[in-house]
Protein chains: 4
Amino acid sequence: MIVILQSNVTEEQIDHVLQRIEALGLQHHLSRGTFRTIVGIIGDEEKLQSEPLHAIPGVAQVIPVLPPYKLASREAHPEPSIVDVSGVKIGNGHLGMIAGPCSVEDRDRMFRIAESVCESGANLFRGGAYKPRTSPYAFQGLGEAGLKLLREVGDKFNLPVVTEVTDPRLVELVSEHADMLQVGARNMQNFALLTEVGKSQRPVLLKRGMSATINDLLMCAEYILSQGNMNVVLCERGVKGFDSLTRNLFDVAAVPLIHNLSHLPVIVDPSHATGRPDLIPSCALAGLAAGADGVHIEVHDCPEEAKSDGPQALLPDQYRQLADQMKELAKLFGKTVSPLPEKMA
Amino acid sequence: MIVILQSNVTEEQIDHVLQRIEALGLQHHLSRGTFRTIVGIIGDEEKLQSEPLHAIPGVAQVIPVLPPYKLASREAHPEPSIVDVSGVKIGNGHLGMIAGPCSVEDRDRMFRIAESVCESGANLFRGGAYKPRTSPYAFQGLGEAGLKLLREVGDKFNLPVVTEVTDPRLVELVSEHADMLQVGARNMQNFALLTEVGKSQRPVLLKRGMSATINDLLMCAEYILSQGNMNVVLCERGVKGFDSLTRNLFDVAAVPLIHNLSHLPVIVDPSHATGRPDLIPSCALAGLAAGADGVHIEVHDCPEEAKSDGPQALLPDQYRQLADQMKELAKLFGKTVSPLPEKMA
Amino acid sequence: MIVILQSNVTEEQIDHVLQRIEALGLQHHLSRGTFRTIVGIIGDEEKLQSEPLHAIPGVAQVIPVLPPYKLASREAHPEPSIVDVSGVKIGNGHLGMIAGPCSVEDRDRMFRIAESVCESGANLFRGGAYKPRTSPYAFQGLGEAGLKLLREVGDKFNLPVVTEVTDPRLVELVSEHADMLQVGARNMQNFALLTEVGKSQRPVLLKRGMSATINDLLMCAEYILSQGNMNVVLCERGVKGFDSLTRNLFDVAAVPLIHNLSHLPVIVDPSHATGRPDLIPSCALAGLAAGADGVHIEVHDCPEEAKSDGPQALLPDQYRQLADQMKELAKLFGKTVSPLPEKMA
Amino acid sequence: MIVILQSNVTEEQIDHVLQRIEALGLQHHLSRGTFRTIVGIIGDEEKLQSEPLHAIPGVAQVIPVLPPYKLASREAHPEPSIVDVSGVKIGNGHLGMIAGPCSVEDRDRMFRIAESVCESGANLFRGGAYKPRTSPYAFQGLGEAGLKLLREVGDKFNLPVVTEVTDPRLVELVSEHADMLQVGARNMQNFALLTEVGKSQRPVLLKRGMSATINDLLMCAEYILSQGNMNVVLCERGVKGFDSLTRNLFDVAAVPLIHNLSHLPVIVDPSHATGRPDLIPSCALAGLAAGADGVHIEVHDCPEEAKSDGPQALLPDQYRQLADQMKELAKLFGKTVSPLPEKMA
């Protein structure tokens, strides 16, 4: 931690800053410049995280030199992690290909879509049973019935399933039915939920919030990891932008940036990032080329009948075509699409 | 709702669009322009909210003409609402002056700060017992002990108290102790939490999320209102900006904009909006001049010892000075600071 | 300047960094922490501005401790500046009330609007003769004829005039006719233009770019000041936001922030910041309450006939009412509206 | 154009709106809904671009149905354009590989870098002679001497050169020496400059402004096209973001979005978009995978000695490795790197 003092700091204030540092059992290193005096703090920066050094009179700025996350950091775990979702691997060369409708809807449709994406090469099936909708008057999901239907689909095709959990009270129930728990963008900083999924044994798909920095995202992963659940996959799904032509702004540079800072796998979700089927394939390929460990795509066989997010779904045929391109690209980069498990774990 | 068709739309596609509209029991009005054909939909737009018209082949754009919120809208309720917090009124000329430390901390400090802000003219005391911290390693609040302490403070000074609730499982407990429930910015779209506070009888302080449009914010208020709790106060507390000199970007225009669209009171929180004590007073006054129904300020008697957000707190004396200016300004605009209740409701 | 080295920096790399600093005639101060080594650079930071220290192998981060602007800084000039526009003062308690149509249009209209805003208390008349329009097919302004008309209006009412200059080749011509030169938001970083207006003797109204940080804005002011023209007034006119309900996002906190960092006067332009007449008055008052040294408002007597930006203009009567409120508010803050000159300088 | 009227619009106001439309020689189509009345305007929307319909009393919203650009639009020119830069083709399957230092610096260094990127497969050499620097005290470029040096390098390697022009007065001079004119992000809406480069015969590389929507960018291209210069290549180089870990936010989805809306080629500049050499290769590949018609990369043989932007330059060896990957990826997508001309046009 580096403390930059104000230009008009007094000797008394300097002494007070140094005493505060000593009181925490840390050492300091004073450097008087021509225009500013700075204090380097030597020792474990963590002790300082809850200390409002910035509020001490005479302090102009406090600059941390270490990232505030530990378990999620690349320094703590230099090798890329592989997350195993009931036999399907994601990370370090293994691609997760997640596909399925936005919401779990009627039984026939679910089986039809699952069969199709499975044939195209998807290795994880998605569908929301609890939907966080911006309108209280919109379809809120099938709830537990949806979870059971999702499980049935997964068992039938030997295809692990991922679904969103929106409420800490539901983590146990959702964990019984799903292979992977999704924490959505709007709940990225729902710390009660993060703590609860951190206590579960299920792998977690943590989506980046719409105004979350990479640091914010990794701190939320840290919440989960610090509860003992090390199976976290991060997901870039677009941040808030100023151009209304797309739903969000797809931050593809987040992929290599996260890979530099953390060992956790990171996938991309061009469906939510763009909200436009005409842009999804290009952005999916861009994500893979940037090094993503997987791609999350919404697929629906009749978007105009979808209960939610229909306008951003690909048709099964469009997904097949994209999946073929993704597999070609993966090959070029020496990556493999993790096969379906023989029998689910 | 207006549906703009693609330039190359076929007659078959037009027929299909019209049939979909009719099937919903609505009328349509076709208008063939030189370059584009558009369809006006006549009838209750609400029926269309869950319908993905945009996904119908041949449709280029769907433009709603009515806001998606009803209970929160000015059209539904032309008079400005007044929210009563245990005897203190907010809205329609009554100012809520909320002040207190970021976190509930030790007993003596709480009484000391409360006494001071009370003398300065605050009519609502704030303090967090459950803190949504970006780091899992940071102070997370005193929990139930904090709630009890807050209640004690409130009773002693006859000063209603507001505190954040972060988990749907805690709404009942927090409602027992606090006069007003705060939903924080990070939880603005935590729909499970909104639903739960909507079922409570306590007034709610709903803070705007960091990347929430005004429409998003009003839809979240609608979640609470639609559960039967009509006592919602909105709070502008800064949105995500690109200039790191301030913590957030204070969107003061949100105040008159919300007043135009909704009958709900709206207050400002310059403490979180700027994160800088040197900017807080100016922004508080700006908020009032823009028509805010109250101001939320963090106050701490020793910021360098604060358990959270110390660097953005005003000192009690700074608050007193600001409160005097706010009262002067209120007078100019013909507003009054709602007095403390004789005895709390 | 503080240089933070990478965690795996070698001794050779450290030596190289130190040699580079010495070669610039500066001293260094090495501090080896538990996790990171940092180097404080002692001496004139300016020498380092063109030096890419960040590109030296082993360097993780370079943190400046001084602002990169000098002439614009509060440290260089602790007293607030007053800019004199042909007898009308702006800054340090003197309010500039700028009003007028977006574009210079026909003669009668100009005289009519000027007379009205003059009566309401405006002390600077605005109107664009060269319009930076987003469409090449839109009205581009009357050019020189517009300048002359503007001058006539100014002379008639003894009212200084401000108009935009968009091209370095036009600075001389515009300076002949106008009392103050406006550099628009889209040209804030048009350095050729800044240099040219810096060489002129006319005061400059420099508008903040839509994605400019305060640092960026002050660096652009520095361009003008460094050419010898010290008469610069800054203008906050909204930054790019994500909510399409308003044209831009009015950053009112920029006013006190600039006042802290710089001695230059700063005014607000709620017309461009919001783009909505229904929000302009509230935001104008908010700007003043935040400490602005003036307010810039577009006024038109028949907005539906305006050649540009009609939808965001106030009517003369609306301006009169707002001006009265602004004068009341100014009085409360101990500020005065600088009177029109007896005879223009 | 669709005009949505206010809910409380009067019959008189409706009549007035219709009269205004008729007066422009256009037809209208009135549709009275349950809650709102809308007016469809039939005829040439262009006539309406300068008309402030929005300012007419009773009008709530005006929604254009056609894009405001014509020459740049895909509708006007369905086939993708190919821009020829002195023999090197960009667009429709031909990749432009632009590389070189940020600034033109000393002679030996220029030849050394050019030789290296040429061997790696670059087909356009870049280097700034006029530098738009945020600080007036920073290196501003070698000016005309830099242009001449750049020309020499181009002639020696038979490699077309691109350089930035920052001032309308310099367009003629720069056109004499360079094969392609760059308009930088900060000057994207410098309409005087756009008009001047539109009159030149040189192809133009138009970089997207930091807060420009795609519509804004295409309107700026329209400025150039409308002057008769049809050789415009667009460049995505990152927009303003909220995460300070990267210099800008790389908007890779802009590539397919522009391809959908316009026939103009679009390239990506991951150097400016990220500002970090560790992210540049991944983002360059992402851009290509998204369909970019070229990649712009800053290369320097000793970044710590670079006169500008050193920290974001790749080393020649890093560029060679990236160029090899880009060529592989291009092959997969059926694209070719346009070879150097036998002899320059």
# chains A, B, ... in the order shown; residues from 1 in each chain; ligands from 1
$ residues_around --residues "Met110 of chain A" --least-positions-apart "5" --cutoff "9 Å" --atoms "only C-alpha atoms" --output "MDAnalysis selection string"
chainID A and resid 100:101 104:105 115 127 149:150 153
$ select_by_dssp --residues "segment 213-299 of chain B" --states "strand (DSSP E)" --output "list in words"
Val232, Val233, Leu234, Cys235, Glu236, Val266, Ile267, Val268, Gly294, Val295, His296, Ile297 and Glu298 of chain B
$ interface_residues --of "chain A" --to "chain C" --cutoff "12 Å" --atoms "only C-alpha atoms" --output "JSON, numbers by chain"
{"A": [1, 2, 3, 4, 5, 6, 7, 8, 26, 27, 28, 29, 30, 31, 32, 33, 34, 35, 36, 37, 38, 39, 40, 41, 42, 43, 44, 45, 46, 60, 61, 62, 63, 64, 65, 66, 67, 75, 210, 211, 239, 240, 241, 242, 243, 244, 245, 246, 247, 248, 249]}
$ write_last_selection --atoms "N, CA and C atoms" --output "short mmCIF file (atom, residue, chain, number, x, y, z; two decimals), in the first residue's frame"
data_model
loop_
_atom_site.label_atom_id
_atom_site.label_comp_id
_atom_site.auth_asym_id
_atom_site.auth_seq_id
_atom_site.Cartn_x
_atom_site.Cartn_y
_atom_site.Cartn_z
N MET A 1 0.86 -1.18 0.00
CA MET A 1 0.00 0.00 0.00
C MET A 1 0.90 1.23 0.00
N ILE A 2 0.56 2.21 -0.83
CA ILE A 2 1.33 3.45 -0.87
C ILE A 2 0.40 4.57 -0.45
N VAL A 3 0.89 5.40 0.46
CA VAL A 3 0.09 6.51 0.94
C VAL A 3 0.73 7.81 0.44
N ILE A 4 -0.01 8.57 -0.34
CA ILE A 4 0.50 9.86 -0.82
C ILE A 4 -0.09 10.95 0.07
N LEU A 5 0.78 11.76 0.63
CA LEU A 5 0.29 12.79 1.55
C LEU A 5 -0.01 14.09 0.80
N GLN A 6 -0.85 14.90 1.39
CA GLN A 6 -1.20 16.18 0.77
C GLN A 6 0.01 17.12 0.76
N SER A 7 -0.01 18.07 -0.17
CA SER A 7 1.16 18.94 -0.32
C SER A 7 1.37 19.79 0.94
N ASN A 8 0.29 20.08 1.65
CA ASN A 8 0.41 20.93 2.85
C ASN A 8 0.34 20.12 4.15
N LEU A 26 2.75 -3.09 11.16
CA LEU A 26 3.39 -2.99 9.85
C LEU A 26 4.53 -1.98 9.89
N GLN A 27 5.43 -2.09 8.91
CA GLN A 27 6.53 -1.13 8.84
C GLN A 27 6.21 -0.07 7.79
N HIS A 28 6.92 1.06 7.89
CA HIS A 28 6.70 2.10 6.90
C HIS A 28 8.02 2.61 6.37
N HIS A 29 7.95 3.30 5.30
CA HIS A 29 9.12 3.78 4.59
C HIS A 29 8.77 5.14 4.04
N LEU A 30 9.35 6.17 4.63
CA LEU A 30 8.97 7.54 4.28
C LEU A 30 9.87 8.06 3.17
N SER A 31 9.27 8.73 2.20
CA SER A 31 10.07 9.27 1.09
C SER A 31 9.60 10.70 0.83
N ARG A 32 10.50 11.66 1.08
CA ARG A 32 10.12 13.06 0.93
C ARG A 32 10.54 13.54 -0.46
N GLY A 33 9.59 13.81 -1.32
CA GLY A 33 9.90 14.27 -2.68
C GLY A 33 9.94 15.79 -2.73
N THR A 34 10.15 16.30 -3.92
CA THR A 34 10.21 17.75 -4.06
C THR A 34 8.84 18.37 -3.81
N PHE A 35 7.80 17.70 -4.29
CA PHE A 35 6.45 18.26 -4.17
C PHE A 35 5.54 17.48 -3.22
N ARG A 36 5.85 16.23 -3.01
CA ARG A 36 4.97 15.40 -2.20
C ARG A 36 5.78 14.43 -1.35
N THR A 37 5.24 14.10 -0.18
CA THR A 37 5.82 13.06 0.65
C THR A 37 4.96 11.81 0.52
N ILE A 38 5.60 10.66 0.38
CA ILE A 38 4.84 9.42 0.28
C ILE A 38 5.33 8.42 1.33
N VAL A 39 4.41 7.54 1.71
CA VAL A 39 4.75 6.51 2.69
C VAL A 39 4.48 5.15 2.08
N GLY A 40 5.51 4.32 2.01
CA GLY A 40 5.31 2.94 1.58
C GLY A 40 5.04 2.10 2.81
N ILE A 41 4.06 1.20 2.72
CA ILE A 41 3.77 0.33 3.87
C ILE A 41 4.29 -1.06 3.56
N ILE A 42 5.07 -1.57 4.46
CA ILE A 42 5.72 -2.86 4.24
C ILE A 42 5.10 -3.89 5.17
N GLY A 43 4.66 -4.99 4.59
CA GLY A 43 4.02 -6.04 5.39
C GLY A 43 2.74 -6.48 4.69
N ASP A 44 1.91 -7.15 5.42
CA ASP A 44 0.73 -7.78 4.83
C ASP A 44 -0.39 -6.75 4.56
N GLU A 45 -0.61 -6.49 3.26
CA GLU A 45 -1.56 -5.45 2.87
C GLU A 45 -2.98 -5.75 3.34
N GLU A 46 -3.24 -7.02 3.52
CA GLU A 46 -4.59 -7.45 3.89
C GLU A 46 -5.08 -6.79 5.18
N ALA A 60 -3.66 12.24 0.96
CA ALA A 60 -4.29 12.63 -0.30
C ALA A 60 -4.84 11.43 -1.05
N GLN A 61 -4.12 10.33 -1.01
CA GLN A 61 -4.48 9.18 -1.85
C GLN A 61 -3.87 7.92 -1.25
N VAL A 62 -4.57 6.81 -1.37
CA VAL A 62 -4.03 5.53 -0.92
C VAL A 62 -4.06 4.58 -2.11
N ILE A 63 -2.93 4.02 -2.43
CA ILE A 63 -2.84 3.17 -3.62
C ILE A 63 -2.43 1.76 -3.23
N PRO A 64 -3.32 0.79 -3.41
CA PRO A 64 -2.95 -0.59 -3.09
C PRO A 64 -1.99 -1.13 -4.16
N VAL A 65 -1.07 -1.96 -3.79
CA VAL A 65 -0.20 -2.55 -4.81
C VAL A 65 -0.56 -4.01 -5.09
N LEU A 66 -1.32 -4.61 -4.22
CA LEU A 66 -1.75 -5.98 -4.46
C LEU A 66 -3.24 -6.02 -4.75
N PRO A 67 -3.70 -7.01 -5.53
CA PRO A 67 -5.14 -7.13 -5.75
C PRO A 67 -5.80 -7.55 -4.44
N GLU A 75 -1.66 -15.32 -8.91
CA GLU A 75 -0.47 -15.48 -8.08
C GLU A 75 -0.62 -16.63 -7.10
N MET A 210 -23.52 -5.66 -14.91
CA MET A 210 -23.50 -4.72 -16.04
C MET A 210 -22.59 -3.52 -15.84
N SER A 211 -22.25 -3.24 -14.58
CA SER A 211 -21.32 -2.13 -14.36
C SER A 211 -20.17 -2.58 -13.47
N VAL A 239 -21.37 -5.30 -20.81
CA VAL A 239 -21.55 -4.27 -19.79
C VAL A 239 -22.43 -3.17 -20.37
N LYS A 240 -22.85 -2.27 -19.49
CA LYS A 240 -23.73 -1.18 -19.91
C LYS A 240 -22.99 -0.26 -20.87
N GLY A 241 -23.58 -0.01 -22.01
CA GLY A 241 -22.96 0.88 -22.97
C GLY A 241 -23.86 2.04 -23.31
N PHE A 242 -23.40 2.92 -24.18
CA PHE A 242 -24.16 4.12 -24.50
C PHE A 242 -24.83 4.03 -25.87
N ASP A 243 -24.61 2.92 -26.58
CA ASP A 243 -25.19 2.82 -27.92
C ASP A 243 -26.37 1.86 -27.88
N SER A 244 -27.57 2.39 -28.14
CA SER A 244 -28.76 1.57 -27.98
C SER A 244 -28.97 0.57 -29.12
N LEU A 245 -28.05 0.54 -30.08
CA LEU A 245 -28.20 -0.45 -31.15
C LEU A 245 -27.96 -1.88 -30.66
N THR A 246 -27.19 -2.01 -29.58
CA THR A 246 -27.01 -3.33 -28.99
C THR A 246 -27.50 -3.28 -27.54
N ARG A 247 -27.88 -4.45 -27.04
CA ARG A 247 -28.43 -4.51 -25.68
C ARG A 247 -27.38 -4.12 -24.64
N ASN A 248 -26.17 -4.62 -24.83
CA ASN A 248 -25.07 -4.29 -23.95
C ASN A 248 -23.83 -4.13 -24.79
N LEU A 249 -22.70 -3.89 -24.13
CA LEU A 249 -21.44 -3.70 -24.83
C LEU A 249 -20.56 -4.90 -24.50
#
$ atom_distance --atom1 "atom CA of Glu22 of chain D" --atom2 "atom CA of Asp309 of chain C"
21.9 Å
$ closest_residue --among "D:Glu172, D:Asp179, D:Glu298, D:Glu305" --to "Asp155 of chain D" --atoms "only C-alpha atoms"
D:Asp179
$ residues_around --residues "Val88 of chain B" --least-positions-apart "2" --cutoff "7 Å" --atoms "only C-alpha atoms" --output "list of chain:residue names"
B:Asp84, B:Val85, B:Ser86, B:Ile90, B:Asn123, B:Ser338, B:Pro339, B:Leu340, B:Pro341
$ atom_distance --atom1 "atom CA of Leu332 of chain D" --atom2 "atom CA of Gly275 of chain A"
26.5 Å
$ select_by_dssp --residues "segment 1-210 of chain A" --states "alpha helix (DSSP H)" --output "PyMOL selection string"
chain A and resi 11-23+107-120+144-157+171-177+191-199
$ decode --residues "segment 249-260 of chain B" --atoms "all heavy atoms" --output "short mmCIF file (atom, residue, chain, number, x, y, z; two decimals), in the first residue's frame"
data_model
loop_
_atom_site.label_atom_id
_atom_site.label_comp_id
_atom_site.auth_asym_id
_atom_site.auth_seq_id
_atom_site.Cartn_x
_atom_site.Cartn_y
_atom_site.Cartn_z
N LEU B 249 -20.92 8.86 -10.62
CA LEU B 249 -21.31 10.07 -11.32
C LEU B 249 -22.70 10.47 -10.84
O LEU B 249 -23.68 9.75 -11.09
CB LEU B 249 -21.32 9.76 -12.83
CG LEU B 249 -21.04 10.90 -13.79
CD1 LEU B 249 -20.91 10.37 -15.21
CD2 LEU B 249 -22.03 12.01 -13.72
N PHE B 250 -22.79 11.60 -10.16
CA PHE B 250 -24.05 12.04 -9.54
C PHE B 250 -24.99 12.56 -10.64
O PHE B 250 -24.74 13.58 -11.26
CB PHE B 250 -23.72 13.15 -8.54
CG PHE B 250 -24.91 13.73 -7.82
CD1 PHE B 250 -25.94 12.94 -7.38
CD2 PHE B 250 -24.97 15.10 -7.57
CE1 PHE B 250 -27.03 13.49 -6.71
CE2 PHE B 250 -26.05 15.66 -6.89
CZ PHE B 250 -27.08 14.85 -6.47
N ASP B 251 -26.09 11.85 -10.84
CA ASP B 251 -27.03 12.17 -11.93
C ASP B 251 -28.16 13.03 -11.38
O ASP B 251 -29.28 12.56 -11.16
CB ASP B 251 -27.56 10.86 -12.51
CG ASP B 251 -28.52 11.08 -13.66
OD1 ASP B 251 -28.63 12.21 -14.16
OD2 ASP B 251 -29.18 10.09 -14.05
N VAL B 252 -27.89 14.30 -11.20
CA VAL B 252 -28.86 15.17 -10.53
C VAL B 252 -30.12 15.36 -11.37
O VAL B 252 -31.21 15.58 -10.83
CB VAL B 252 -28.20 16.53 -10.17
CG1 VAL B 252 -28.06 17.43 -11.37
CG2 VAL B 252 -28.99 17.23 -9.06
N ALA B 253 -29.99 15.22 -12.69
CA ALA B 253 -31.18 15.36 -13.56
C ALA B 253 -32.19 14.25 -13.32
O ALA B 253 -33.35 14.35 -13.72
CB ALA B 253 -30.76 15.40 -15.03
N ALA B 254 -31.75 13.18 -12.67
CA ALA B 254 -32.69 12.10 -12.35
C ALA B 254 -33.82 12.61 -11.46
O ALA B 254 -34.93 12.09 -11.51
CB ALA B 254 -31.96 10.95 -11.67
N VAL B 255 -33.53 13.62 -10.65
CA VAL B 255 -34.54 14.11 -9.71
C VAL B 255 -35.75 14.70 -10.45
O VAL B 255 -36.87 14.20 -10.28
CB VAL B 255 -33.91 15.11 -8.70
CG1 VAL B 255 -34.99 15.76 -7.84
CG2 VAL B 255 -32.87 14.41 -7.84
N PRO B 256 -35.57 15.73 -11.30
CA PRO B 256 -36.77 16.23 -12.01
C PRO B 256 -37.33 15.20 -12.99
O PRO B 256 -38.54 15.17 -13.22
CB PRO B 256 -36.25 17.47 -12.73
CG PRO B 256 -34.76 17.32 -12.80
CD PRO B 256 -34.38 16.57 -11.56
N LEU B 257 -36.48 14.35 -13.53
CA LEU B 257 -36.97 13.34 -14.48
C LEU B 257 -37.91 12.36 -13.77
O LEU B 257 -39.01 12.06 -14.28
CB LEU B 257 -35.78 12.61 -15.10
CG LEU B 257 -36.07 11.58 -16.18
CD1 LEU B 257 -36.96 12.13 -17.27
CD2 LEU B 257 -34.76 11.07 -16.78
N ILE B 258 -37.51 11.90 -12.60
CA ILE B 258 -38.39 10.99 -11.85
C ILE B 258 -39.66 11.72 -11.44
O ILE B 258 -40.76 11.16 -11.53
CB ILE B 258 -37.65 10.43 -10.61
CG1 ILE B 258 -36.54 9.47 -11.06
CG2 ILE B 258 -38.62 9.73 -9.66
CD1 ILE B 258 -35.61 9.03 -9.94
N HIS B 259 -39.53 12.95 -11.03
CA HIS B 259 -40.73 13.71 -10.65
C HIS B 259 -41.70 13.85 -11.82
O HIS B 259 -42.91 13.88 -11.62
CB HIS B 259 -40.35 15.08 -10.09
CG HIS B 259 -39.96 15.05 -8.64
ND1 HIS B 259 -39.16 15.99 -8.06
CD2 HIS B 259 -40.26 14.17 -7.64
CE1 HIS B 259 -39.00 15.72 -6.78
NE2 HIS B 259 -39.65 14.61 -6.50
N ASN B 260 -41.17 13.94 -13.03
CA ASN B 260 -42.07 14.02 -14.19
C ASN B 260 -42.79 12.70 -14.46
O ASN B 260 -43.92 12.68 -14.91
CB ASN B 260 -41.28 14.37 -15.46
CG ASN B 260 -40.94 15.83 -15.52
OD1 ASN B 260 -41.20 16.55 -14.56
ND2 ASN B 260 -40.36 16.27 -16.62
#
